[in-house]
Amino acid sequence: MSETTYTDPPNMPEDERMTDAEFKVVREYLGLTGDWLAGHLGVSGRTVRHWEQGKYPIPDGVRLAMEDLEARTGEFVAGVAKQLMDVPAPGVITYRNDAEYHAAHPEIEFPASWHRAVVARIAQEVPALAIAYSETSDVS
């Protein structure tokens, strides 16, 4: 796989650059593995690890991609929470692994870990939300 090259705009101030700590916190908050994120960004897992360790500065294009992932995730959380608010006994299904998740939702690019993180955020918004695993446990 050839890596995507991200370049900063000329004269980008250092104080606008995403820090290694911000990058890792956002990745973990979104429930994304370093390997999944590397694939999404078109870079190696090693590059993601180096960004998180502060060995390489995080390019502005990566910061923008992370902000996009955050925004899309936030919109998903808000949309599902809104749908569930007036349901008498709200409940959601989540998934043990990627195979289960993608078997149920092949149209969604994110991993099951993202879905579980999303469900946790929805649970903060929807009182008494019941959370259960999918009954489809034969997919490994």
# chains A, B, ... in the order shown; residues from 1 in each chain; ligands from 1
>>> select_by_dssp(residues="chain A", states="helix (DSSP H, G or I)", output="ChimeraX atom specification")
/A:14-16,20-29,34-41,45-52,60-84,98-104,112-125
>>> closest_atom_pairs(of="region 50-78 of chain A", to="region 115-135 of chain A", cutoff="9 Å", atoms="only C-alpha atoms", output="tab-separated table")
residue	atom	partner	partner_atom	distance
A:Thr73	CA	A:Val118	CA	7.4
A:Gly74	CA	A:Val118	CA	8.5
A:Phe76	CA	A:Val118	CA	8.1
A:Val77	CA	A:Ile122	CA	5.8
A:Ala78	CA	A:Ile122	CA	7.6
>>> residues_around(residues="region 109-113 of chain A", least_positions_apart="2", cutoff="10 Å", atoms="only C-alpha atoms", output="ChimeraX atom specification")
/A:28,30-33,36-37,40,73,94-102,105-107,115-119
>>> closest_residue(among="A:Thr4, A:Tyr56, A:Val62, A:Met18", to="Ser44 (chain A)", atoms="only C-alpha atoms")
A:Thr4
>>> residues_around(residues="Val48 (chain A)", least_positions_apart="4", cutoff="7 Å", atoms="only C-alpha atoms", output="number ranges by chain")
A: 34, 38, 44, 52
>>> closest_residue(among="A:Asp35, A:Glu75, A:Asp86, A:Asp60", to="Thr19 (chain A)", atoms="only C-alpha atoms")
A:Asp60
>>> atom_distance(atom1="CA of Gly91 (chain A)", atom2="CA of Asp68 (chain A)")
27.4 Å
>>> closest_residue(among="A:Ala104, A:Leu69, A:Val92, A:Val80", to="Tyr29 (chain A)", atoms="only C-alpha atoms")
A:Leu69
>>> atom_distance(atom1="CA of Ile58 (chain A)", atom2="CA of Phe23 (chain A)")
8.1 Å
>>> select_by_dssp(residues="region 87-123 of chain A", states="strand (DSSP E or B)", output="number ranges by chain")
A: 91-94
>>> write_last_selection(atoms="C-alpha atoms", output="tab-separated table (two decimals), in the first residue's frame")
chain	number	residue	atom	x	y	z
A	91	GLY	CA	-32.91	0.02	23.40
A	92	VAL	CA	-30.03	-0.47	21.01
A	93	ILE	CA	-28.09	-3.42	19.68
A	94	THR	CA	-24.32	-3.36	19.50
